[in-house]
Amino acid sequence: MLSISVKEFLFWKKKQLSKGGDLQSFIVLLDCVGGISTKDLNLLSIKQECNLYLKKNLDCLESIWDKHLLSSTPIQYLCGISYWRDLKLKVTDKVLIPRPETELIIDIVFKIFGKKSQQLFFAELGTGSGAISIALSLAYPFWEGIATDIDQDALEIATKNYLDCSENSNLKFCCGSWWTPFESFKGKLDLAISNPPYIPKDTYEKLPDSVRNFEPKIALCGGEDGLKHIREIIQKAPLFLKERGWLILENHFDQGDKVKRLLLDNKFTSVEIVNDLSGVGRFAIGRYK
Ligand SMILES: C[S@@+](CC[C@H](N)C(=O)[O-])C[C@H]1O[C@@H](n2cnc3c(N)ncnc32)[C@H](O)[C@@H]1O
């Protein structure tokens, strides 16, 4: 641990933020690499005469910040950490950085099943860093879950995250494309969730460099109209869900009505589009018959 005066630190912080970037990313850097939590940071202005302890020196933190600003590399990849709900997850460029809007999926599950639900069996298709499945397996220790991904590297990260976050063993990880890992679970799932790649081809080409140059293409591209994977997931879901089982999907901001139609065409009932916090129809939910 390195000790420096709070005054010196605050002066340095102001200088770094004046170069650009956003405060949220800077906070991630200070917490994950510098060892200064948000709580500690908030208290610094009233502790100006004190010293503070850093895990890395200011030069080291500054070189990471400069790299972030110059190359647009997401700070989460440079620090190897992303915060999501109350989880601190390892991330590398093999996994999508879990997005704040996706956090609402967990609240949708709470709304459907309540916080104290009986035992049930869930699946997450395309787990990436494991965020959704890990949050569910912690919230519902009596549930059993299987989280899948087509990318073995992503699954290794998800598995590490689960082992770091949980002492339970109610979540398994399986590699394979969409429903293939579930061949022996036909008609057995109470709930299936997916935040699949849904960016249309043209939109992908116009994504900011910080996304297109760093995040895995396989986690983002949903084919020509963005619905390639969503279509496959919905069409095959009836084979794997129990009767009255739920399917919850995240979609692109303008796909809600199309996803709703796909669910209705495939005999789903109780179909609903759920808005995210900015009022966008971000999730589609439905029940198989
Ligand atoms: C948008 S990311 C979502 C990651 C994570 N669930 C989240 O919400 O942050 C989509 C994930 O689907 C995976 N994926 C892409 N194609 C797949 C396929 N055919 N079968 C299974 N997973 C796939 C990607 O590797 C990626 O991890």
# chains A, B, ... in the order shown; residues from 1 in each chain; ligands from 1
>>> select_by_dssp(residues="range 4-204 of chain A", states="strand (DSSP E or B)", output="PyMOL selection string")
chain A and resi 4-5+51-54+81-84+87-90+121-125+144-149+171-175+189-194+199
>>> residues_near_ligand(ligand="ligand 1", cutoff="7 Å", atoms="only C-alpha atoms and all ligand atoms", output="PyMOL selection string")
chain A and resi 95-99+102+125-132+148-151+154+176-178+194-197+218-220
>>> residues_around(residues="range 227-230 of chain A", least_positions_apart="5", cutoff="12 Å", atoms="only C-alpha atoms", output="MDAnalysis selection string")
chainID A and resid 125:126 177:179 193:201 218:222 235:237 247:252 254:263 283:284
>>> write_last_selection(atoms="N, CA and C atoms", output="short mmCIF file (atom, residue, chain, number, x, y, z; two decimals), in the first residue's frame")
data_model
loop_
_atom_site.label_atom_id
_atom_site.label_comp_id
_atom_site.auth_asym_id
_atom_site.auth_seq_id
_atom_site.Cartn_x
_atom_site.Cartn_y
_atom_site.Cartn_z
N LEU A 125 -29.36 -18.73 -22.02
CA LEU A 125 -28.70 -19.02 -23.28
C LEU A 125 -27.82 -17.81 -23.67
N GLY A 126 -26.51 -18.05 -23.77
CA GLY A 126 -25.58 -16.96 -24.10
C GLY A 126 -25.22 -16.17 -22.86
N SER A 177 -24.43 -24.27 -29.01
CA SER A 177 -25.25 -23.25 -29.66
C SER A 177 -26.70 -23.32 -29.17
N TRP A 178 -27.22 -22.19 -28.79
CA TRP A 178 -28.59 -22.01 -28.29
C TRP A 178 -29.17 -23.23 -27.58
N TRP A 179 -30.07 -24.00 -28.21
CA TRP A 179 -30.75 -25.06 -27.45
C TRP A 179 -30.00 -26.39 -27.46
N ILE A 193 -33.99 -17.70 -20.22
CA ILE A 193 -33.67 -16.28 -20.37
C ILE A 193 -32.56 -16.15 -21.40
N SER A 194 -32.65 -15.12 -22.22
CA SER A 194 -31.50 -14.84 -23.09
C SER A 194 -31.42 -13.35 -23.43
N ASN A 195 -30.19 -12.87 -23.41
CA ASN A 195 -29.87 -11.56 -23.96
C ASN A 195 -28.97 -11.88 -25.15
N PRO A 196 -29.58 -12.27 -26.28
CA PRO A 196 -28.76 -12.76 -27.39
C PRO A 196 -28.18 -11.61 -28.21
N PRO A 197 -27.27 -11.92 -29.14
CA PRO A 197 -26.78 -10.85 -30.02
C PRO A 197 -27.95 -10.38 -30.89
N TYR A 198 -28.24 -9.07 -30.88
CA TYR A 198 -29.43 -8.61 -31.63
C TYR A 198 -29.19 -7.34 -32.45
N ILE A 199 -27.93 -6.98 -32.64
CA ILE A 199 -27.66 -5.75 -33.40
C ILE A 199 -27.75 -6.06 -34.91
N PRO A 200 -28.58 -5.32 -35.65
CA PRO A 200 -28.64 -5.54 -37.09
C PRO A 200 -27.30 -5.23 -37.75
N LYS A 201 -27.04 -5.91 -38.88
CA LYS A 201 -25.73 -5.81 -39.55
C LYS A 201 -25.31 -4.35 -39.80
N ILE A 218 -19.28 -11.73 -31.90
CA ILE A 218 -20.23 -12.84 -31.74
C ILE A 218 -21.28 -12.55 -30.66
N ALA A 219 -20.94 -11.61 -29.77
CA ALA A 219 -21.90 -11.26 -28.70
C ALA A 219 -22.87 -10.18 -29.15
N LEU A 220 -22.62 -9.59 -30.32
CA LEU A 220 -23.41 -8.41 -30.72
C LEU A 220 -24.25 -8.62 -31.96
N CYS A 221 -23.69 -9.30 -32.97
CA CYS A 221 -24.34 -9.32 -34.28
C CYS A 221 -25.49 -10.29 -34.37
N GLY A 222 -26.63 -9.75 -34.75
CA GLY A 222 -27.84 -10.58 -34.87
C GLY A 222 -28.25 -10.80 -36.31
N GLN A 235 -38.40 -19.94 -31.73
CA GLN A 235 -39.01 -21.06 -32.46
C GLN A 235 -38.78 -22.40 -31.78
N LYS A 236 -37.60 -22.56 -31.15
CA LYS A 236 -37.31 -23.87 -30.53
C LYS A 236 -37.69 -23.92 -29.05
N ALA A 237 -37.99 -22.76 -28.47
CA ALA A 237 -38.27 -22.74 -27.02
C ALA A 237 -39.40 -23.69 -26.60
N LEU A 247 -40.46 -17.49 -21.01
CA LEU A 247 -39.28 -17.10 -21.80
C LEU A 247 -39.12 -15.58 -21.65
N ILE A 248 -37.90 -15.16 -21.29
CA ILE A 248 -37.61 -13.73 -21.16
C ILE A 248 -36.44 -13.39 -22.07
N LEU A 249 -36.66 -12.42 -22.96
CA LEU A 249 -35.61 -12.05 -23.91
C LEU A 249 -35.32 -10.57 -23.85
N GLU A 250 -34.04 -10.22 -24.03
CA GLU A 250 -33.72 -8.81 -24.24
C GLU A 250 -33.65 -8.59 -25.75
N ASN A 251 -34.06 -7.40 -26.22
CA ASN A 251 -33.97 -7.11 -27.65
C ASN A 251 -33.48 -5.69 -27.88
N HIS A 252 -33.23 -5.36 -29.14
CA HIS A 252 -32.78 -4.02 -29.52
C HIS A 252 -33.94 -3.05 -29.30
N ASP A 254 -35.73 -1.14 -30.95
CA ASP A 254 -36.88 -1.02 -31.85
C ASP A 254 -37.45 -2.38 -32.29
N GLN A 255 -37.07 -3.44 -31.58
CA GLN A 255 -37.51 -4.78 -32.03
C GLN A 255 -38.71 -5.32 -31.25
N GLY A 256 -39.17 -4.56 -30.23
CA GLY A 256 -40.20 -5.08 -29.34
C GLY A 256 -41.41 -5.67 -30.06
N ASP A 257 -41.99 -4.91 -30.99
CA ASP A 257 -43.22 -5.39 -31.65
C ASP A 257 -42.96 -6.65 -32.46
N LYS A 258 -41.80 -6.70 -33.12
CA LYS A 258 -41.49 -7.88 -33.95
C LYS A 258 -41.28 -9.11 -33.06
N VAL A 259 -40.63 -8.92 -31.93
CA VAL A 259 -40.38 -10.06 -31.04
C VAL A 259 -41.72 -10.53 -30.44
N LYS A 260 -42.57 -9.57 -30.13
CA LYS A 260 -43.90 -9.92 -29.60
C LYS A 260 -44.65 -10.78 -30.63
N ARG A 261 -44.60 -10.38 -31.88
CA ARG A 261 -45.28 -11.13 -32.96
C ARG A 261 -44.70 -12.54 -33.05
N LEU A 262 -43.37 -12.65 -32.97
CA LEU A 262 -42.73 -13.98 -33.03
C LEU A 262 -43.21 -14.87 -31.89
N LEU A 263 -43.33 -14.28 -30.71
CA LEU A 263 -43.79 -15.07 -29.55
C LEU A 263 -45.23 -15.53 -29.77
N PHE A 283 -37.44 -5.54 -23.37
CA PHE A 283 -37.56 -6.97 -23.05
C PHE A 283 -38.89 -7.50 -23.56
N ALA A 284 -38.88 -8.77 -23.98
CA ALA A 284 -40.13 -9.41 -24.37
C ALA A 284 -40.28 -10.64 -23.49
#
>>> closest_residue(among="A:Ser18, A:Ser278, A:Thr180, A:Thr269", to="Glu243 in chain A", atoms="only C-alpha atoms")
A:Thr269
>>> residues_around(residues="range 109-118 of chain A", least_positions_apart="6", cutoff="9 Å", atoms="only C-alpha atoms", output="list in words")
Leu136, Ala139, Tyr140, Phe142, Trp143 and Ile248 of chain A
>>> closest_residue(among="A:Gly281, A:Gly21, A:Gly226, A:Pro238", to="Thr73 in chain A", atoms="only C-alpha atoms")
A:Gly21
>>> select_by_dssp(residues="range 65-251 of chain A", states="alpha helix (DSSP H)", output="PyMOL selection string")
chain A and resi 65-71+75-79+104-113+131-139+152-165+201-205+209-212+228-240
>>> residues_around(residues="Phe185 in chain A", least_positions_apart="2", cutoff="10 Å", atoms="only C-alpha atoms", output="ChimeraX atom specification")
/A:121,179,181-183,187-189,239-242
>>> write_last_selection(atoms="C-alpha atoms", output="CSV table (one decimal), in the first residue's frame")
chain,number,residue,atom,x,y,z
A,121,PHE,CA,-35.2,-25.1,-13.2
A,179,TRP,CA,-30.8,-25.1,-27.5
A,181,PRO,CA,-26.9,-28.2,-24.8
A,182,PHE,CA,-30.5,-28.9,-23.6
A,183,GLU,CA,-31.3,-32.0,-25.7
A,187,GLY,CA,-40.1,-30.0,-21.6
A,188,LYS,CA,-38.2,-29.5,-18.3
A,189,LEU,CA,-37.5,-25.8,-18.1
A,239,LEU,CA,-39.6,-27.9,-27.2
A,240,PHE,CA,-37.7,-27.2,-24.0
A,241,LEU,CA,-40.1,-25.2,-21.8
A,242,LYS,CA,-42.5,-26.9,-19.5
>>> residues_around(residues="Glu49 in chain A", least_positions_apart="5", cutoff="10 Å", atoms="only C-alpha atoms", output="list in words")
Ser5, Val6, Lys7 and Leu44 of chain A
>>> atom_distance(atom1="CA of Asp153 in chain A", atom2="CA of Lys94 in chain A")
6.4 Å
>>> closest_residue(among="A:Ser133, A:Ser63, A:Asn57, A:Ser72", to="Pro208 in chain A", atoms="only C-alpha atoms")
A:Ser72
